[in-house]
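Asker: Handing you a structure now.
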Amino acid sequence: QVQLVESGGDLVQPGGSLRLSCAASGSIFSASTMDWYRQAPGKERELVARITLGGVTNYADSVKGRFLISRDNAKSSVYLQMNSLRPEDAAVYYCHALRNYDGMDFWGKGTLVTVSS
């Protein structure tokens with residue numbers, strides 16, 4: 001049973017923008033803090049952005065001012081608007097849900113973002 005499905009990854013030039021989407025099953029989304037992580041080749045997976053049920057957001061220092069995380073409760077979806085993309089932003093981006101009441105977490109399969117001219 002697929003719980004989290006990402007989309008929106010693409011090849012983009014430096015300085016460009018992309019919007020990632022993650023559709024979650026309602027039973028998970030409505031009870032979870034939602035995150036975007038990324039993993040570049042040869043590097044550890046890192047937290048990029050987080051949004052709580054109440055809409056509080058946190059960002060990695062490397063993306064502050066360039067990325068924006070949001071959630072649409074009606075659509076059980078979380079988004080990552082990425083602007084001013086840099087080559088170092090290239091990675092597989094993963095959607096993650098941390099269900100607040102029991103601590104269970106869920107991962108999507110990832111979507112590839114390539115930043116290159």
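Following the order of the structure tokens, chains are lettered A, B, ..., residues in each are numbered from 1, and ligands are numbered from 1.
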Quick one: residues within 7 Å of Thr33 in chain A, only C-alpha atoms, excluding same-chain residues fewer than 2 positions away - as a list in words?

Answerer: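 My reading of the contact set: Asp35, Ile51, Thr52, Leu53, Ala97, Leu98, Arg99 and Asn100 of chain A.
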
Asker: So which residues touch Leu20 in chain A within 6 Å, counting only C-alpha atoms, skipping near sequence neighbours fewer than 4 positions away, as number ranges by chain?

Answerer: A: 7-8, 79-80

Asker: Given the selection you just returned, output its residues as a file containing N, CA, C and O atoms, formatted as a PDB file, in the first residue's frame.

Answerer:
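Result file is selection08.pdb:
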```
ATOM      1  N   SER A   7       6.266  13.777  -6.620  1.00  0.00           N
ATOM      2  CA  SER A   7       6.312  14.111  -8.046  1.00  0.00           C
ATOM      3  C   SER A   7       6.916  15.498  -8.201  1.00  0.00           C
ATOM      4  O   SER A   7       7.030  16.253  -7.230  1.00  0.00           O
ATOM      5  N   GLY A   8       7.307  15.803  -9.422  1.00  0.00           N
ATOM      6  CA  GLY A   8       7.789  17.146  -9.730  1.00  0.00           C
ATOM      7  C   GLY A   8       9.279  17.261  -9.994  1.00  0.00           C
ATOM      8  O   GLY A   8       9.752  18.308 -10.432  1.00  0.00           O
ATOM      9  N   TYR A  79       4.084  20.355  -0.241  1.00  0.00           N
ATOM     10  CA  TYR A  79       4.792  20.874  -1.397  1.00  0.00           C
ATOM     11  C   TYR A  79       6.129  21.478  -0.987  1.00  0.00           C
ATOM     12  O   TYR A  79       6.307  21.914   0.156  1.00  0.00           O
ATOM     13  N   LEU A  80       7.045  21.488  -1.922  1.00  0.00           N
ATOM     14  CA  LEU A  80       8.318  22.168  -1.715  1.00  0.00           C
ATOM     15  C   LEU A  80       8.583  23.035  -2.940  1.00  0.00           C
ATOM     16  O   LEU A  80       8.864  22.512  -4.022  1.00  0.00           O
TER      17      LEU A  80
END
```

Asker: Which residue out of A:Val92, A:Ala31, A:Leu11, A:Ala24 has the minimum interatomic distance to Val48 in chain A when only C-alpha atoms are used?

Answerer: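 For Val48 in chain A, the nearest of the given residues is A:Val92.
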
Asker: Which one is closest to Ser70 in chain A: A:Gly103, A:Trp36, A:Leu112, A:Val5? Count only C-alpha atoms.

Answerer: A:Trp36

Asker: From a DSSP pass on the backbone, collect the residues of range 25-60 of chain A flagged as strand (DSSP E) and hand them back as a PyMOL selection string.

Answerer: chain A and resi 32-39+46-51+57-59

Asker: In terms of the shortest atom-to-atom distance over only C-alpha atoms, which of A:Met104, A:Val56, A:Met82, A:Cys95 is closest to Val12 in chain A?

Answerer: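 Among A:Met104, A:Val56, A:Met82, A:Cys95, it is A:Met82 that comes nearest to Val12 in chain A.
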
Asker: Which residue, A:Ala74, A:Val63, A:Leu85, A:Leu4, has the smallest gap to Ser25 in chain A when you use only C-alpha atoms?

Answerer: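 Closest to Ser25 in chain A, using only C-alpha atoms: A:Leu4.
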
Asker: Using only C-alpha atoms, which of A:Gln39, A:Ser116, A:Ser77, A:Asn58 sits nearest Ser27 in chain A?

Answerer: A:Ser77

Asker: Would you compute the distance between CA of Gly15 in chain A and CA of Lys109 in chain A? Give it in Å to one decimal.

Answerer: 26.0 Å

Asker: Tell me, as number ranges by chain, which residues lie within 8 Å of Arg38 in chain A, counting only C-alpha atoms; anything in the same chain fewer than 3 positions away does not count.

Answerer: A: 45-48, 91-94

Asker: Those selected residues, please, written with C-alpha atoms and delivered as an mmCIF file, in the first residue's frame.

Answerer:
```
data_model
loop_
_atom_site.group_PDB
_atom_site.id
_atom_site.type_symbol
_atom_site.label_atom_id
_atom_site.label_comp_id
_atom_site.auth_asym_id
_atom_site.auth_seq_id
_atom_site.Cartn_x
_atom_site.Cartn_y
_atom_site.Cartn_z
ATOM 1 C CA ARG A 45 20.253 11.928 3.572
ATOM 2 C CA GLU A 46 19.569 15.354 5.041
ATOM 3 C CA LEU A 47 16.522 17.208 6.239
ATOM 4 C CA VAL A 48 15.623 20.057 3.914
ATOM 5 C CA ALA A 91 19.589 15.110 -5.259
ATOM 6 C CA VAL A 92 16.809 12.638 -4.829
ATOM 7 C CA TYR A 93 14.158 14.365 -2.743
ATOM 8 C CA TYR A 94 12.101 12.264 -0.365
#
```

Asker: Kindly indicate which residue among A:Pro87, A:Gly55, A:Gly42, A:Gly108 lies nearest to Glu6 in chain A, using only C-alpha atoms for the distances.

Answerer: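 Selected residue with least distance to Glu6 in chain A: A:Gly108.
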
Asker: Quick check for you: according to DSSP on this backbone, which residues of range 7-107 of chain A are classed as alpha helix (DSSP H)? Reply as a list in words.

Answerer: Gly26, Ser27, Ile28 and Phe29 of chain A
